[in-house]
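Read the structure below first, then the notes.
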Amino acid sequence: MAAEAARALVGAPFRLHGRDPATGLDCVGVAAVALGRAAPRDYAVRTGDADRAATWIAAAGLARVAEGRPGDVVLMRTGPGQLHLGVLTASGMVHADAALRRVVERPGPPAWPVLGCFRGE
């Protein structure tokens with residue numbers, strides 16, 4: 001399950017556009033590795049285009065769902081022009097934390113506005 005795969009990434013270093021837990025992951029890398037999917041590499045660090053992000057997520061084979069559950073990818077707006085992904089777990093969310101420079105599990109509901117939840121088939 002994706003939630004357990006995401007939890008296994010906790011402690012991996014943060015690296016922008018990172019796709020390998022040994023060398024570093026960003027939020028897109030965490031979601032891709034946890035779900036076993038390919039990830040885009042041609043995205044800007046700053047973007048407020050949630051529709052474009054949702055299109056990339058759908059292209060990876062994930063479907064938008066009304067309510068998230070453990071293992072789902074959550075798309076959030078963390079600030080103006082800044083989107084972020086996490087993988088929901090039973091107790092919170094796993095995500096790549098740029099400030100802490102590593103992948104972490106944050107307890108409780110996402111701290112940022114949720115723009116959508118997506119589930120792999």
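Labeling convention for the structure tokens: chains A, B, ... as they appear, residues from 1 per chain, ligands from 1 in order of appearance.
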
**Prompt:** What lies within 12 Å of stretch 46-53 of chain A using only C-alpha atoms, ignoring chain neighbours under 4 positions off, as a VMD selection string?
**Reply:** chain A and resid 16 28 39 to 40 42 57 to 60 62 64 73 to 85 113 to 118

Could you save the residues just selected, with C-alpha atoms, as a short mmCIF file (atom, residue, chain, number, x, y, z; two decimals), in the first residue's frame?
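Saved file selection-v1.cif follows:
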```
data_model
loop_
_atom_site.label_atom_id
_atom_site.label_comp_id
_atom_site.auth_asym_id
_atom_site.auth_seq_id
_atom_site.Cartn_x
_atom_site.Cartn_y
_atom_site.Cartn_z
CA LEU A 16 14.60 19.43 -5.55
CA VAL A 28 6.65 14.88 -6.38
CA ALA A 39 7.01 11.57 -12.21
CA PRO A 40 7.30 14.66 -14.40
CA ASP A 42 9.73 19.59 -16.25
CA ILE A 57 -1.46 13.60 -11.55
CA ALA A 58 -4.20 12.19 -13.79
CA ALA A 59 -1.61 11.36 -16.47
CA ALA A 60 0.18 9.25 -13.85
CA LEU A 62 -4.50 8.63 -10.43
CA ARG A 64 -9.59 12.49 -8.27
CA VAL A 73 -2.01 11.71 -2.85
CA VAL A 74 -3.13 15.10 -1.60
CA LEU A 75 -2.52 18.30 -3.60
CA MET A 76 -2.26 21.41 -1.42
CA ARG A 77 -1.60 25.11 -1.75
CA THR A 78 1.15 25.96 0.72
CA GLY A 79 1.41 29.61 -0.27
CA PRO A 80 0.95 32.04 -3.16
CA GLY A 81 2.26 30.35 -6.27
CA GLN A 82 3.26 27.23 -4.35
CA LEU A 83 1.70 23.78 -4.64
CA HIS A 84 2.73 20.74 -2.64
CA LEU A 85 2.01 17.00 -2.62
CA PRO A 113 -5.64 24.14 1.98
CA VAL A 114 -6.36 20.89 0.13
CA LEU A 115 -7.04 21.35 -3.58
CA GLY A 116 -7.72 17.69 -4.31
CA CYS A 117 -7.15 14.09 -3.35
CA PHE A 118 -6.11 11.46 -5.89
#
```

**Request:** Mind listing the strand (DSSP E) residues of chain A, per DSSP on the backbone, as JSON, numbers by chain?
**Result:** {"A": [19, 20, 24, 25, 62, 63, 64, 65, 73, 74, 75, 76, 77, 78, 79, 82, 83, 84, 85, 86, 87, 88, 92, 93, 94, 95, 96, 97, 102, 103, 104, 105, 106, 107, 114, 115, 116, 117, 118, 119, 120]}

Any chance you could export the current selection's N, CA and C atoms as a CSV table (one decimal), in the first residue's frame?
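For reference, selection-v7.csv as written:
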```csv
chain,number,residue,atom,x,y,z
A,19,ARG,N,14.3,12.0,-7.2
A,19,ARG,CA,13.5,10.8,-7.5
A,19,ARG,C,14.0,9.5,-6.9
A,20,ASP,N,15.1,9.6,-6.1
A,20,ASP,CA,15.8,8.5,-5.5
A,20,ASP,C,15.9,8.7,-4.0
A,24,GLY,N,17.9,11.8,-2.5
A,24,GLY,CA,17.0,12.8,-2.1
A,24,GLY,C,15.7,12.8,-3.0
A,25,LEU,N,14.6,13.3,-2.3
A,25,LEU,CA,13.3,13.4,-2.9
A,25,LEU,C,12.7,14.8,-2.7
A,62,LEU,N,-3.8,8.4,-11.7
A,62,LEU,CA,-4.5,8.6,-10.4
A,62,LEU,C,-5.8,9.3,-10.7
A,63,ALA,N,-6.9,9.0,-10.0
A,63,ALA,CA,-8.2,9.6,-10.2
A,63,ALA,C,-8.5,10.5,-9.0
A,64,ARG,N,-9.2,11.6,-9.3
A,64,ARG,CA,-9.6,12.5,-8.3
A,64,ARG,C,-10.7,11.8,-7.5
A,65,VAL,N,-10.6,11.9,-6.2
A,65,VAL,CA,-11.7,11.4,-5.3
A,65,VAL,C,-12.2,12.5,-4.4
A,73,VAL,N,-2.8,10.5,-2.7
A,73,VAL,CA,-2.0,11.7,-2.8
A,73,VAL,C,-2.9,12.9,-2.6
A,74,VAL,N,-2.4,13.9,-1.9
A,74,VAL,CA,-3.1,15.1,-1.6
A,74,VAL,C,-2.4,16.3,-2.2
A,75,LEU,N,-3.1,17.1,-3.0
A,75,LEU,CA,-2.5,18.3,-3.6
A,75,LEU,C,-3.0,19.5,-2.8
A,76,MET,N,-2.0,20.3,-2.3
A,76,MET,CA,-2.3,21.4,-1.4
A,76,MET,C,-1.7,22.7,-2.0
A,77,ARG,N,-2.2,23.8,-1.5
A,77,ARG,CA,-1.6,25.1,-1.8
A,77,ARG,C,-0.9,25.6,-0.5
A,78,THR,N,0.4,25.6,-0.5
A,78,THR,CA,1.1,26.0,0.7
A,78,THR,C,1.4,27.4,0.8
A,79,GLY,N,1.2,28.2,-0.3
A,79,GLY,CA,1.4,29.6,-0.3
A,79,GLY,C,1.1,30.1,-1.7
A,82,GLN,N,2.5,28.4,-4.8
A,82,GLN,CA,3.3,27.2,-4.3
A,82,GLN,C,2.3,26.1,-4.1
A,83,LEU,N,2.5,25.0,-4.8
A,83,LEU,CA,1.7,23.8,-4.6
A,83,LEU,C,2.6,22.7,-4.0
A,84,HIS,N,2.0,21.8,-3.4
A,84,HIS,CA,2.7,20.7,-2.6
A,84,HIS,C,1.9,19.4,-2.6
A,85,LEU,N,2.6,18.3,-2.7
A,85,LEU,CA,2.0,17.0,-2.6
A,85,LEU,C,2.4,16.3,-1.3
A,86,GLY,N,1.5,15.4,-0.9
A,86,GLY,CA,1.8,14.6,0.3
A,86,GLY,C,1.0,13.3,0.0
A,87,VAL,N,1.4,12.2,0.8
A,87,VAL,CA,0.7,11.0,0.8
A,87,VAL,C,0.1,10.8,2.1
A,88,LEU,N,-1.2,10.6,2.1
A,88,LEU,CA,-2.0,10.4,3.4
A,88,LEU,C,-1.7,9.1,4.0
A,92,GLY,N,-1.7,10.8,9.5
A,92,GLY,CA,-1.3,12.2,9.0
A,92,GLY,C,-1.0,12.1,7.5
A,93,MET,N,0.3,12.6,7.2
A,93,MET,CA,0.7,12.7,5.9
A,93,MET,C,2.2,12.7,5.8
A,94,VAL,N,2.7,12.0,4.8
A,94,VAL,CA,4.2,12.0,4.5
A,94,VAL,C,4.4,12.9,3.4
A,95,HIS,N,5.5,13.8,3.6
A,95,HIS,CA,5.8,14.7,2.5
A,95,HIS,C,7.3,15.1,2.7
A,96,ALA,N,7.8,15.7,1.6
A,96,ALA,CA,9.2,16.2,1.6
A,96,ALA,C,9.2,17.6,2.1
A,97,ASP,N,9.8,17.8,3.3
A,97,ASP,CA,9.8,19.1,3.9
A,97,ASP,C,11.2,19.8,3.6
A,102,ARG,N,14.3,17.0,4.7
A,102,ARG,CA,14.1,15.6,4.7
A,102,ARG,C,12.7,15.2,4.5
A,103,VAL,N,12.4,14.0,4.3
A,103,VAL,CA,11.0,13.5,4.2
A,103,VAL,C,10.5,13.2,5.6
A,104,VAL,N,9.3,13.7,5.9
A,104,VAL,CA,8.8,13.6,7.3
A,104,VAL,C,7.4,13.1,7.2
A,105,GLU,N,6.9,12.6,8.4
A,105,GLU,CA,5.4,12.3,8.5
A,105,GLU,C,4.9,13.4,9.5
A,106,ARG,N,3.9,14.1,9.0
A,106,ARG,CA,3.3,15.2,9.8
A,106,ARG,C,2.0,14.6,10.3
A,107,PRO,N,1.8,14.6,11.7
A,107,PRO,CA,0.5,14.1,12.2
A,107,PRO,C,-0.7,15.0,11.9
A,114,VAL,N,-6.4,22.0,1.0
A,114,VAL,CA,-6.4,20.9,0.1
A,114,VAL,C,-7.1,21.3,-1.1
A,115,LEU,N,-6.4,21.1,-2.3
A,115,LEU,CA,-7.0,21.3,-3.6
A,115,LEU,C,-7.6,20.1,-4.2
A,116,GLY,N,-7.2,18.9,-3.8
A,116,GLY,CA,-7.7,17.7,-4.3
A,116,GLY,C,-7.0,16.5,-3.7
A,117,CYS,N,-7.7,15.4,-3.8
A,117,CYS,CA,-7.1,14.1,-3.3
A,117,CYS,C,-7.2,13.1,-4.5
A,118,PHE,N,-6.2,12.3,-4.7
A,118,PHE,CA,-6.1,11.5,-5.9
A,118,PHE,C,-5.7,10.0,-5.5
A,119,ARG,N,-6.3,9.1,-6.1
A,119,ARG,CA,-6.1,7.7,-5.8
A,119,ARG,C,-5.6,6.9,-7.0
A,120,GLY,N,-4.6,6.0,-6.8
A,120,GLY,CA,-4.2,5.1,-7.8
A,120,GLY,C,-5.1,3.9,-7.9
```

**Between atom CA of A:Arg7 and atom CA of A:Gly36 - distance in Å to one decimal** =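 We find that atom CA of A:Gly36 and atom CA of A:Arg7 lie 13.8 Å from each other.
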
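Of the listed residues (A:Ala98, A:Ala111, A:Leu35, A:Ala22), A:Leu35 comes nearest to A:Met1; the distances count only C-alpha atoms.
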
**Message:** One number please: atom CA of A:Ala66 to atom CA of A:Ala38, in Å, one decimal.
**Reply:**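 Straight-line distance from atom CA of A:Ala66 to atom CA of A:Ala38 works out to 23.8 Å.
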
**Request:** May I ask which of the residues A:Gly29, A:Gly18, A:Gly108, A:Gly11 is the closest one to A:Ala90, counting only C-alpha atoms?
**Result:**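 With only C-alpha atoms as the atom set, the closest residue is A:Gly108.
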
**Request:** Give me, please, the distance in Å between atom CA of A:Ser91 and atom CA of A:Glu4, quoted to one decimal.
**Result:**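 Distance between the two atoms: 11.6 Å.
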